[in-house]
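Asker: Sharing data.tsv below, TSV, C-alpha atoms:
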```tsv
chain	number	residue	atom	x	y	z
K	1	MET	CA	-66.07	74.82	64.58
K	2	PRO	CA	-66.75	77.04	67.64
K	3	PRO	CA	-64.88	80.34	67.72
K	4	ASP	CA	-62.87	79.59	70.84
K	5	GLU	CA	-61.47	76.29	69.48
K	6	THR	CA	-58.18	76.21	67.58
K	7	PRO	CA	-57.62	73.75	64.67
K	8	SER	CA	-55.81	70.58	65.66
K	9	ALA	CA	-52.65	69.17	63.82
K	10	PRO	CA	-53.27	66.52	61.13
K	11	ARG	CA	-53.32	62.95	62.47
K	12	PRO	CA	-50.45	60.81	61.12
K	13	ALA	CA	-51.46	57.93	58.92
K	14	ARG	CA	-51.62	54.50	60.47
K	15	ASN	CA	-49.55	51.59	59.11
K	16	GLY	CA	-52.55	49.95	57.49
K	17	ASP	CA	-53.32	53.09	55.51
K	18	ARG	CA	-49.88	53.49	53.80
K	19	PRO	CA	-50.09	50.73	51.11
K	20	ARG	CA	-53.63	51.78	50.36
K	21	GLY	CA	-52.42	55.33	49.83
K	22	LEU	CA	-49.42	54.07	47.69
K	23	TRP	CA	-51.70	52.06	45.36
K	24	ALA	CA	-54.00	55.07	45.11
K	25	TYR	CA	-51.05	57.24	44.23
K	26	LEU	CA	-49.76	54.71	41.60
K	27	GLU	CA	-53.24	54.37	40.16
K	28	SER	CA	-53.59	58.14	39.95
K	29	ARG	CA	-50.32	58.31	38.06
K	30	GLY	CA	-51.23	55.38	35.71
K	31	TRP	CA	-48.37	53.15	36.93
K	32	LYS	CA	-50.34	50.49	38.72
K	33	ALA	CA	-50.56	47.97	35.76
K	34	GLY	CA	-46.86	48.26	34.97
K	35	VAL	CA	-45.81	47.76	38.57
K	36	GLN	CA	-48.03	44.66	38.83
K	37	ARG	CA	-46.51	43.16	35.68
K	38	TYR	CA	-42.93	43.68	36.86
K	39	ALA	CA	-43.79	42.33	40.28
K	40	LEU	CA	-45.16	39.14	38.70
K	41	HIS	CA	-41.94	38.68	36.65
K	42	LEU	CA	-39.80	39.13	39.74
K	43	ALA	CA	-41.88	36.56	41.60
K	44	VAL	CA	-41.47	33.95	38.84
K	45	ALA	CA	-37.73	34.57	38.66
K	46	ALA	CA	-37.46	34.19	42.41
K	47	LEU	CA	-39.31	30.86	42.29
K	48	VAL	CA	-36.95	29.55	39.57
K	49	VAL	CA	-33.85	30.55	41.52
K	50	PHE	CA	-35.30	29.00	44.63
K	51	GLY	CA	-36.00	25.71	42.80
K	52	VAL	CA	-32.47	25.55	41.38
K	53	LEU	CA	-30.96	26.11	44.79
K	54	LEU	CA	-33.11	23.33	46.25
K	55	GLY	CA	-32.08	20.96	43.43
K	56	ARG	CA	-28.37	21.59	43.97
K	57	SER	CA	-28.68	21.15	47.68
K	58	GLY	CA	-30.08	17.62	47.20
K	59	PHE	CA	-33.42	18.29	48.87
K	60	VAL	CA	-35.25	17.80	45.59
K	61	SER	CA	-34.40	15.37	42.71
K	62	PHE	CA	-35.79	15.67	39.22
K	63	PRO	CA	-36.59	12.75	36.86
K	64	ARG	CA	-34.19	12.36	33.93
K	65	PRO	CA	-35.11	11.13	30.44
K	66	SER	CA	-34.29	7.49	29.81
K	67	GLY	CA	-32.62	6.16	26.64
K	68	ALA	CA	-36.03	5.18	25.27
K	69	GLY	CA	-37.50	8.69	25.71
K	70	GLY	CA	-39.37	7.98	28.95
K	71	LEU	CA	-38.53	8.83	32.57
K	72	ASN	CA	-36.37	6.80	34.87
K	73	GLN	CA	-38.47	5.85	37.85
K	74	PRO	CA	-37.47	4.09	41.04
K	75	ALA	CA	-38.21	0.41	41.13
K	76	SER	CA	-40.71	1.06	43.90
K	77	ALA	CA	-42.69	3.38	41.64
K	78	THR	CA	-43.28	0.70	39.03
K	79	SER	CA	-46.65	-0.88	39.43
K	80	ALA	CA	-47.00	-4.63	39.41
K	81	ALA	CA	-49.62	-4.36	36.67
K	82	SER	CA	-47.03	-2.90	34.23
K	83	THR	CA	-44.56	-5.80	34.67
K	84	ILE	CA	-44.40	-8.15	31.65
K	85	GLU	CA	-43.24	-11.69	32.24
K	86	LEU	CA	-41.45	-13.81	29.60
K	87	ALA	CA	-44.48	-16.13	29.47
K	88	ASP	CA	-46.68	-13.18	28.43
K	89	LEU	CA	-44.64	-12.58	25.25
K	90	PRO	CA	-45.62	-14.18	21.91
K	91	PRO	CA	-43.58	-17.24	20.90
K	92	PHE	CA	-40.18	-16.55	19.25
K	93	SER	CA	-40.21	-17.77	15.63
K	94	GLY	CA	-36.66	-16.92	14.58
K	95	GLY	CA	-34.87	-20.03	15.83
K	96	PRO	CA	-33.35	-20.96	19.18
K	97	LEU	CA	-32.46	-18.09	21.47
K	98	LEU	CA	-28.74	-18.53	22.03
K	99	SER	CA	-28.18	-15.57	24.28
K	100	PRO	CA	-30.60	-13.38	26.23
K	101	ILE	CA	-28.42	-10.32	25.48
K	102	VAL	CA	-27.27	-9.09	22.08
K	103	GLN	CA	-24.04	-7.16	22.48
K	104	ARG	CA	-22.61	-4.76	19.91
K	105	LYS	CA	-18.94	-5.13	19.15
K	106	VAL	CA	-17.14	-1.84	19.75
K	107	ASP	CA	-14.64	-0.93	17.02
K	108	GLY	CA	-13.30	2.58	16.92
K	109	HIS	CA	-11.72	2.07	13.50
K	110	THR	CA	-13.87	2.38	10.42
K	111	GLU	CA	-12.54	0.87	7.21
K	112	ILE	CA	-13.76	2.49	4.03
K	113	PRO	CA	-13.61	-0.05	1.20
K	114	SER	CA	-11.53	1.11	-1.74
K	115	ARG	CA	-12.92	0.80	-5.23
K	116	PRO	CA	-10.86	-1.29	-7.65
K	117	ARG	CA	-8.83	0.69	-10.14
K	118	LEU	CA	-9.71	0.11	-13.79
K	119	ASP	CA	-7.41	2.44	-15.69
K	120	VAL	CA	-3.75	2.05	-16.66
K	121	LEU	CA	-1.57	4.59	-14.85
K	122	LYS	CA	1.68	6.15	-16.04
K	123	TYR	CA	4.69	6.16	-13.72
K	124	VAL	CA	7.96	7.99	-14.34
K	125	VAL	CA	10.94	6.04	-13.00
K	126	GLN	CA	12.90	7.87	-10.30
K	127	SER	CA	16.53	7.50	-9.33
K	128	GLY	CA	16.94	4.48	-7.04
K	129	ASP	CA	13.75	2.77	-8.26
K	130	SER	CA	13.57	-0.96	-8.94
K	131	LEU	CA	10.82	-3.11	-10.39
K	132	PHE	CA	10.33	-4.65	-6.94
K	133	GLY	CA	9.91	-1.26	-5.25
K	134	ILE	CA	7.56	0.14	-7.90
K	135	ALA	CA	5.50	-3.05	-7.91
K	136	GLU	CA	5.17	-2.98	-4.11
K	137	LYS	CA	4.07	0.67	-4.23
K	138	PHE	CA	1.13	-0.24	-6.48
K	139	GLY	CA	0.36	-3.66	-4.96
K	140	LEU	CA	1.47	-5.60	-8.04
K	141	LYS	CA	3.91	-8.38	-8.85
K	142	PRO	CA	7.18	-7.23	-10.48
K	143	GLU	CA	6.46	-9.58	-13.39
K	144	THR	CA	3.36	-7.49	-14.16
K	145	LEU	CA	5.53	-4.40	-14.67
K	146	LEU	CA	8.02	-6.32	-16.80
K	147	TRP	CA	5.37	-7.98	-19.00
K	148	GLY	CA	3.36	-4.78	-19.37
K	149	ASN	CA	6.34	-2.69	-20.55
K	150	TYR	CA	8.16	-4.75	-23.15
K	151	ASP	CA	8.64	-1.73	-25.42
K	152	VAL	CA	10.58	0.00	-22.61
K	153	LEU	CA	12.33	-2.82	-20.72
K	154	ALA	CA	12.67	-5.51	-23.42
K	155	ASP	CA	12.19	-8.22	-20.78
K	156	ASP	CA	15.33	-7.16	-18.88
K	157	PRO	CA	14.79	-5.53	-15.45
K	158	HIS	CA	18.28	-4.04	-15.64
K	159	ASN	CA	17.04	-1.81	-18.47
K	160	LEU	CA	15.08	0.23	-15.92
K	161	GLN	CA	16.39	3.80	-16.02
K	162	PRO	CA	15.31	7.11	-14.41
K	163	GLY	CA	12.99	9.13	-16.63
K	164	GLN	CA	11.34	6.13	-18.30
K	165	GLU	CA	7.54	6.10	-18.36
K	166	LEU	CA	5.99	2.78	-17.38
K	167	ASN	CA	2.47	1.45	-17.74
K	168	VAL	CA	1.12	0.45	-14.33
K	169	LEU	CA	-1.72	-2.02	-14.78
K	170	PRO	CA	-4.69	-2.06	-12.38
K	171	VAL	CA	-4.35	-5.81	-11.68
K	172	ASP	CA	-1.70	-8.50	-11.94
K	173	GLY	CA	-1.35	-9.85	-15.44
K	174	THR	CA	-0.11	-8.30	-18.62
K	175	SER	CA	-1.28	-6.04	-21.42
K	176	HIS	CA	-1.56	-6.24	-25.18
K	177	SER	CA	-1.64	-3.56	-27.83
K	178	TRP	CA	-4.21	-4.68	-30.38
K	179	ILE	CA	-3.11	-5.38	-33.95
K	180	ALA	CA	-5.60	-5.30	-36.84
K	181	GLY	CA	-6.79	-8.73	-37.93
K	182	GLU	CA	-6.03	-10.49	-34.65
K	183	SER	CA	-8.33	-13.05	-33.06
K	184	LEU	CA	-9.29	-12.39	-29.47
K	185	ALA	CA	-9.45	-16.13	-28.85
K	186	LYS	CA	-5.85	-16.59	-30.04
K	187	VAL	CA	-4.57	-13.62	-28.04
K	188	ALA	CA	-6.20	-15.02	-24.91
K	189	ASP	CA	-4.69	-18.45	-25.54
K	190	PHE	CA	-1.22	-16.92	-25.96
K	191	PHE	CA	-1.44	-15.30	-22.52
K	192	GLY	CA	-2.99	-18.37	-20.86
K	193	VAL	CA	-6.45	-16.91	-20.20
K	194	THR	CA	-9.88	-17.12	-21.82
K	195	ALA	CA	-11.42	-14.61	-24.19
K	196	GLU	CA	-14.13	-14.00	-21.58
K	197	ASP	CA	-11.45	-12.89	-19.09
K	198	ILE	CA	-10.47	-10.10	-21.45
K	199	VAL	CA	-13.99	-9.15	-22.54
K	200	ASP	CA	-15.39	-9.15	-19.00
K	201	TRP	CA	-12.70	-6.83	-17.62
K	202	PRO	CA	-14.71	-3.57	-17.29
K	203	GLY	CA	-11.70	-1.36	-17.99
K	204	ASN	CA	-11.40	-2.76	-21.52
K	205	HIS	CA	-14.90	-1.48	-22.45
K	206	LEU	CA	-15.56	-4.33	-24.86
K	207	ASP	CA	-18.93	-5.49	-26.15
K	208	PRO	CA	-19.72	-8.86	-24.50
K	209	GLU	CA	-21.62	-9.90	-27.66
K	210	MET	CA	-18.68	-9.33	-30.02
K	211	ASP	CA	-17.28	-12.03	-32.28
K	212	ILE	CA	-14.12	-13.15	-30.48
K	213	ASN	CA	-12.63	-14.45	-33.73
K	214	ASN	CA	-13.20	-11.20	-35.60
K	215	PRO	CA	-13.70	-8.50	-32.95
K	216	SER	CA	-14.22	-4.85	-33.78
K	217	ILE	CA	-11.30	-3.50	-31.76
K	218	ALA	CA	-9.43	-0.44	-32.99
K	219	PRO	CA	-5.73	-1.10	-33.76
K	220	GLY	CA	-3.45	0.20	-31.04
K	221	THR	CA	-6.04	-0.27	-28.26
K	222	LEU	CA	-4.26	-1.28	-25.05
K	223	LEU	CA	-6.06	-4.23	-23.48
K	224	VAL	CA	-5.54	-5.39	-19.90
K	225	ILE	CA	-5.14	-9.19	-19.66
K	226	PRO	CA	-6.06	-10.04	-16.02
K	227	GLY	CA	-4.04	-13.03	-14.83
K	228	GLY	CA	-2.17	-13.21	-18.13
K	229	LYS	CA	1.35	-14.64	-18.29
K	230	ARG	CA	4.00	-15.07	-20.93
K	231	GLU	CA	7.52	-16.37	-21.29
K	232	VAL	CA	10.26	-13.79	-20.89
K	233	SER	CA	12.48	-13.53	-23.94
K	234	THR	CA	15.67	-13.72	-21.92
K	235	LEU	CA	18.96	-12.25	-22.99
K	236	TYR	CA	21.23	-14.70	-24.76
K	237	ARG	CA	23.56	-15.95	-22.04
K	238	PRO	CA	25.91	-18.57	-23.47
K	239	ARG	CA	27.65	-21.01	-21.19
K	240	ILE	CA	31.27	-19.89	-21.22
K	241	THR	CA	33.71	-22.75	-20.58
K	242	ARG	CA	37.50	-22.92	-20.52
K	243	ALA	CA	37.27	-25.24	-23.56
K	244	ASN	CA	35.30	-22.69	-25.63
K	245	PRO	CA	35.45	-19.17	-24.18
K	246	ALA	CA	35.15	-17.62	-27.66
K	247	VAL	CA	31.39	-18.33	-27.61
K	248	ALA	CA	31.09	-15.16	-25.53
K	249	ARG	CA	32.26	-12.85	-28.30
K	250	ILE	CA	28.67	-11.80	-28.90
K	251	LEU	CA	28.53	-10.37	-25.37
K	252	GLY	CA	31.22	-7.72	-25.75
K	253	PRO	CA	34.93	-6.90	-25.72
K	254	GLY	CA	35.51	-8.78	-22.47
K	255	ALA	CA	35.35	-12.13	-24.30
K	256	CYS	CA	38.38	-14.39	-24.29
K	257	GLY	CA	39.53	-16.41	-27.30
K	258	SER	CA	41.95	-19.18	-26.36
K	259	ILE	CA	41.53	-22.54	-24.68
K	260	TYR	CA	42.65	-22.47	-21.07
K	261	ASP	CA	43.54	-24.88	-18.34
K	262	GLY	CA	43.84	-24.30	-14.63
K	263	PRO	CA	42.62	-25.23	-11.17
K	264	THR	CA	39.32	-27.02	-10.58
K	265	GLY	CA	36.82	-25.78	-8.07
K	266	THR	CA	35.98	-27.49	-4.81
K	267	GLY	CA	32.23	-27.50	-5.46
K	268	SER	CA	31.76	-25.46	-2.30
K	269	PHE	CA	31.19	-21.70	-2.60
K	270	ILE	CA	31.92	-18.72	-0.35
K	271	TRP	CA	30.43	-15.23	-0.34
K	272	PRO	CA	32.16	-13.09	-2.97
K	273	THR	CA	31.44	-9.85	-1.04
K	274	PRO	CA	32.06	-8.47	2.47
K	275	LEU	CA	28.31	-7.97	3.04
K	276	HIS	CA	25.96	-10.93	2.91
K	277	TYR	CA	22.51	-9.54	2.21
K	278	LEU	CA	20.35	-8.57	-0.73
K	279	SER	CA	20.21	-5.08	-2.23
K	280	GLY	CA	18.03	-4.94	-5.32
K	281	TYR	CA	16.73	-7.91	-7.30
K	282	ASP	CA	16.44	-11.41	-5.93
K	283	TYR	CA	16.77	-14.63	-7.91
K	284	ASN	CA	13.78	-14.66	-10.26
K	285	PRO	CA	14.24	-16.33	-13.66
K	286	SER	CA	10.64	-15.53	-14.65
K	287	LEU	CA	11.58	-11.87	-14.23
K	288	GLY	CA	14.67	-12.33	-16.41
K	289	HIS	CA	16.96	-12.15	-13.38
K	290	PRO	CA	18.74	-15.50	-12.76
K	291	ALA	CA	20.98	-13.97	-10.09
K	292	ILE	CA	21.00	-12.14	-6.77
K	293	ASP	CA	22.11	-8.55	-6.24
K	294	ILE	CA	24.39	-8.47	-3.19
K	295	ALA	CA	24.68	-5.24	-1.19
K	296	GLY	CA	27.86	-3.20	-0.85
K	297	ASP	CA	29.61	0.04	-1.69
K	298	THR	CA	31.75	1.10	-4.61
K	299	GLY	CA	35.28	-0.20	-4.04
K	300	HIS	CA	34.36	-3.21	-1.91
K	301	GLY	CA	36.58	-6.13	-2.84
K	302	ILE	CA	35.06	-8.95	-4.94
K	303	VAL	CA	36.66	-12.38	-4.51
K	304	ALA	CA	36.36	-15.65	-6.39
K	305	SER	CA	33.57	-17.73	-4.87
K	306	ASP	CA	35.49	-20.89	-5.84
K	307	SER	CA	38.70	-21.79	-7.66
K	308	GLY	CA	38.87	-21.86	-11.46
K	309	VAL	CA	39.94	-20.08	-14.64
K	310	VAL	CA	38.85	-16.63	-15.88
K	311	VAL	CA	37.01	-17.05	-19.19
K	312	TYR	CA	35.55	-13.51	-19.50
K	313	ALA	CA	37.08	-10.29	-18.19
K	314	GLY	CA	35.92	-6.86	-19.28
K	315	TRP	CA	33.00	-4.94	-20.71
K	316	ASN	CA	29.61	-6.51	-21.44
K	317	ASN	CA	27.42	-4.83	-24.07
K	318	TYR	CA	24.10	-6.01	-22.61
K	319	GLY	CA	23.83	-3.93	-19.47
K	320	TYR	CA	26.17	-5.84	-17.15
K	321	GLY	CA	29.02	-3.33	-17.36
K	322	GLN	CA	32.40	-4.69	-16.27
K	323	VAL	CA	32.13	-8.48	-15.88
K	324	VAL	CA	34.25	-11.42	-14.74
K	325	VAL	CA	33.25	-15.03	-15.48
K	326	ILE	CA	35.04	-17.95	-13.84
K	327	ASP	CA	34.81	-21.51	-15.15
K	328	HIS	CA	35.38	-23.89	-12.24
K	329	GLY	CA	36.11	-26.93	-14.41
K	330	ASN	CA	33.45	-29.14	-12.81
K	331	ASP	CA	30.39	-27.94	-14.79
K	332	TRP	CA	30.04	-24.92	-12.49
K	333	GLN	CA	30.52	-21.27	-13.51
K	334	THR	CA	30.07	-17.99	-11.62
K	335	LEU	CA	29.52	-14.50	-13.04
K	336	TYR	CA	30.30	-11.18	-11.31
K	337	ALA	CA	28.78	-8.06	-12.93
K	338	HIS	CA	28.66	-4.24	-12.57
K	339	LEU	CA	32.27	-4.11	-11.30
K	340	SER	CA	33.99	-0.75	-11.04
K	341	GLN	CA	37.36	-2.41	-11.69
K	342	VAL	CA	38.49	-5.75	-13.11
K	343	ASN	CA	41.69	-7.11	-11.50
K	344	VAL	CA	42.11	-10.32	-13.51
K	345	GLY	CA	42.57	-11.22	-17.18
K	346	CYS	CA	41.61	-13.95	-19.63
K	347	GLY	CA	42.99	-17.38	-18.81
K	348	GLN	CA	44.20	-16.39	-15.35
K	349	ALA	CA	44.03	-19.05	-12.64
K	350	VAL	CA	42.24	-17.91	-9.49
K	351	PHE	CA	41.70	-19.63	-6.20
K	352	GLN	CA	38.81	-19.38	-3.79
K	353	GLY	CA	39.01	-16.05	-1.96
K	354	ASN	CA	41.38	-14.33	-4.47
K	355	LEU	CA	40.54	-10.71	-5.32
K	356	ILE	CA	39.14	-10.48	-8.86
K	357	GLY	CA	37.73	-6.92	-8.93
K	358	LEU	CA	35.98	-4.10	-7.09
K	359	MET	CA	32.27	-3.50	-6.60
K	360	GLY	CA	30.65	-0.72	-8.59
K	361	CYS	CA	27.69	0.34	-10.71
K	362	THR	CA	28.74	0.00	-14.34
K	363	GLY	CA	26.24	-0.87	-17.03
K	364	ASN	CA	22.52	-0.70	-16.25
K	365	CYS	CA	22.17	-0.27	-12.49
K	366	SER	CA	20.78	2.19	-9.97
K	367	GLY	CA	23.35	1.78	-7.19
K	368	SER	CA	26.49	-0.12	-6.27
K	369	HIS	CA	25.97	-3.86	-5.86
K	370	LEU	CA	27.23	-7.18	-7.20
K	371	HIS	CA	25.10	-9.07	-9.70
K	372	PHE	CA	26.10	-12.68	-8.87
K	373	GLU	CA	25.10	-15.64	-11.07
K	374	VAL	CA	25.75	-19.34	-10.54
K	375	ARG	CA	25.40	-21.85	-13.38
K	376	TYR	CA	25.60	-25.63	-13.49
K	377	GLY	CA	25.70	-27.21	-16.93
K	378	ASP	CA	23.29	-25.30	-19.17
K	379	GLY	CA	21.01	-24.13	-16.36
K	380	PHE	CA	21.03	-21.46	-13.67
K	381	VAL	CA	21.16	-22.25	-9.95
K	382	ASN	CA	19.76	-20.08	-7.18
K	383	PRO	CA	22.85	-18.63	-5.42
K	384	TRP	CA	21.04	-18.85	-2.07
K	385	ASP	CA	21.15	-22.64	-2.46
K	386	VAL	CA	24.96	-22.80	-2.65
K	387	LEU	CA	26.18	-19.91	-0.49
K	388	PRO	CA	26.89	-20.65	3.19
```
Would you encode the structure as C-alpha cells?

Answerer:
Amino acid sequence: MPPDETPSAPRPARNGDRPRGLWAYLESRGWKAGVQRYALHLAVAALVVFGVLLGRSGFVSFPRPSGAGGLNQPASATSAASTIELADLPPFSGGPLLSPIVQRKVDGHTEIPSRPRLDVLKYVVQSGDSLFGIAEKFGLKPETLLWGNYDVLADDPHNLQPGQELNVLPVDGTSHSWIAGESLAKVADFFGVTAEDIVDWPGNHLDPEMDINNPSIAPGTLLVIPGGKREVSTLYRPRITRANPAVARILGPGACGSIYDGPTGTGSFIWPTPLHYLSGYDYNPSLGHPAIDIAGDTGHGIVASDSGVVVYAGWNNYGYGQVVVIDHGNDWQTLYAHLSQVNVGCGQAVFQGNLIGLMGCTGNCSGSHLHFEVRYGDGFVNPWDVLP
C-alpha cells in the first residue's frame, strides 16, 4: 500500500455469504453433522403434522382396511377384469341354494350346559321346609325324597322335622341299600325297572359284566334306582263310623267308644276355614298325603264342613296332633287335624258351619294350617272335588 493511503474499513458481508460462513463456523466447531441430523428429524415431523392436518380438513382421504384384510376402494376404481360373474363360478354341489345370503342369528345370551349330577347329596331340613319345597329346590319330585328316605320319614311326609338329614338323589326314582345275598334282578323288579337301568347308571359304579343274580356288591352300598317306584306303606287310617267309633282306639286318646246317633249330612260341603287356599301339601295319596293343607293362622275358627256326629275328638299319636273326625251318616267322613283347640266331644251332634275347634300346629307340622281329609266308604276323596 502506498504511504499516503490510509487503510479502508472492512466491507460488510453480503447476504449470500452469511450461510456459507455459518456452515464454515459449524464445521470448524464439529457441529455440522449433528445439526443436519436434527434438521432432518424436524422436517419429517413437520411433514407428518402437515399430513394429519390435511386429513382432518377433508382434503385428503386415506384407504381403510376392509373386513377381509384388503382395502376398500371406490366402485369406480374396480377394474372390469376383476369382476366375477355367477356363471364363472364352479357348479354348487351341496344341494339347492335356498337363499343367496346366510344370516347369523344374534343371541346375546350364552347358555352353558350343566353336567348331570351323579352323587347323592345330603340336605339338612330347615324350619319351614316341606317335601314339595325341597324337591323343587333340587328339581325332583316329592315322591323321590319320600321314597329315598324311608329310614327318616317312614313314608309319612308329616314326619319331616328341622335338623333331619335327607338323601337327595341326582334323578327322580328311589334308592336301595344293598343287603348281602340279594339278586339285582329281583331288586330291579321290585322297583319296576330293569337290572340294566341300575347297572348302567354311572353313579352306581357297577361292573356291566356282573352276574345280576349273584352280584358282587358290598352290603350297605346305596344304589340309585333311576325311574324306580314303590308303594307307600301308608299309616293305618281306619274308617271311623258312628256305628263303630271304637276302631280308632289304636290312633290315640281321642278315640270314642260308644255307638252314636245324630244328624245326617247334606252331601254338600263348605270350606271349614276362613281362607280358601293351599299352604303346604296338596292331595297326593302316592306321597302318603290323602288330604289338603289349608292356609290360616293359629286361632282361626274351624267349622264342620257338613252336618254329622263327632266320632273322634282329641289327641292323635301318629303326628296329627289334636284331631276331630265327623261321621256324616251317609258314607262320608271328614277329618280335621293339627288343631290348637278342640271345641267338641265324642258323640256330639254338629251341623254344617258349627265351630268345632281352632286352627293350630299340633303334632308333626311346620306352621299353622288345617289338614283336611274327606272319605267316602273305604276310600279317600280329593277335597278339591267336593269343596265349592

Asker: Could you jot down the atom CA of Gly267 of chain K to atom CA of Ala291 of chain K separation for me, Å, one decimal place?

Answerer: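 Interatomic distance, atom CA of Gly267 of chain K to atom CA of Ala291 of chain K: 18.2 Å.
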
Asker: Quick one: residues within 12 Å of Leu275 of chain K, only C-alpha atoms counted, chain neighbours fewer than 3 positions away excluded, as a VMD selection string?

Answerer: chain K and resid 270 to 272 278 to 279 293 to 297 300 to 302 359 369 to 370

Asker: Hey, what's within 7 Å of Leu251 of chain K if we count all atoms listed in the file and toss same-chain stuff fewer than 5 positions away? As a list of chain:residue names, please?

Answerer: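 Near Leu251 of chain K, the qualifying residues are K:Asn316, K:Asn317, K:Tyr318.
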
Asker: Taking only C-alpha atoms into account, which of K:Leu146, K:Asp207, K:Asp327, K:Gly173 comes nearest Ala243 of chain K?

Answerer: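 Comparing K:Leu146, K:Asp207, K:Asp327, K:Gly173 against Ala243 of chain K, the winner is K:Asp327.
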
Asker: Grab the atom CA of Thr273 of chain K to atom CA of Phe380 of chain K distance for me, in Å with one decimal place.

Answerer: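 Atom-to-atom, atom CA of Thr273 of chain K to atom CA of Phe380 of chain K, that is 20.1 Å.
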
Asker: So that I can check the surroundings of Ile356 of chain K, please list as a list in words every protein, DNA and RNA residue that reaches within 7 Å of it, counting all atoms listed in the file and ignoring chain neighbours fewer than 3 positions away.

Answerer: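 Answer for this query is Ile302, Val303, Ala304, Val342, Asn343 and Val344 of chain K.
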
Asker: Let me make sure I understand: among K:Asp129, K:Val124, K:Val247, K:His176, which one has the smallest atom-to-atom distance to Gly367 of chain K if we use only C-alpha atoms?

Answerer: K:Asp129

Asker: Identify, on the basis of all atoms listed in the file, every residue whose closest approach to Phe191 of chain K does not exceed 6 Å; exclude the query and any residue fewer than 3 positions from it along the same chain; express the result as an MDAnalysis selection string.

Answerer: chainID K and resid 188 228:230

Asker: Skip Tyr123 of chain K itself and residues of its chain fewer than 6 positions away, then list as a list of chain:residue names all residues within 8 Å of it, counting only C-alpha atoms.

Answerer: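 Listed by chain and then number, they are K:Glu165, K:Leu166, K:Asn167, K:Val168.
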
Asker: Please, which residues in segment 238-304 of chain K fall within 8 Å of segment 157-162 of chain K when counting only C-alpha atoms, and what is the closest atom pair and distance in Å to one decimal for each, ordered by chain then residue number, as CSV?

Answerer:
```
residue,atom,partner,partner_atom,distance
K:Leu287,CA,K:Pro157,CA,7.2
K:Gly288,CA,K:Pro157,CA,6.9
K:His289,CA,K:Pro157,CA,7.3
```

Asker: From the set K:Gly203, K:Pro263, K:Gly314, K:Gly163, which residue has the shortest atom-to-atom contact distance to Gln126 of chain K, counting all atoms listed in the file?

Answerer: K:Gly163

Asker: Between atom CA of Gly360 of chain K and atom CA of Pro142 of chain K, what is the distance, to one decimal in Å?

Answerer: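 Going from atom CA of Gly360 of chain K over to atom CA of Pro142 of chain K covers 24.4 Å.
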
Asker: Kindly indicate which residue among K:Gly280, K:Pro285, K:Gly345, K:Pro215 lies nearest to Leu131 of chain K, using only C-alpha atoms for the distances.

Answerer: K:Gly280

Asker: For Ser268 of chain K, which residue among K:Ile240, K:Thr298, K:Pro383, K:Leu184 is the nearest when counting only C-alpha atoms?

Answerer: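 With only C-alpha atoms as the atom set, the closest residue is K:Pro383.
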
Asker: Mind listing whatever residues come within 10 Å of the point (31.2, -18.8, -24.3)? Use only C-alpha atoms, file coordinates, and give them as a list of chain:residue names.

Answerer: K:Arg237, K:Pro238, K:Arg239, K:Ile240, K:Thr241, K:Arg242, K:Ala243, K:Asn244, K:Pro245, K:Ala246, K:Val247, K:Ala248, K:Arg249, K:Ile250, K:Leu251, K:Ala255, K:Cys256, K:Gly257, K:Val311, K:Tyr312, K:Val325
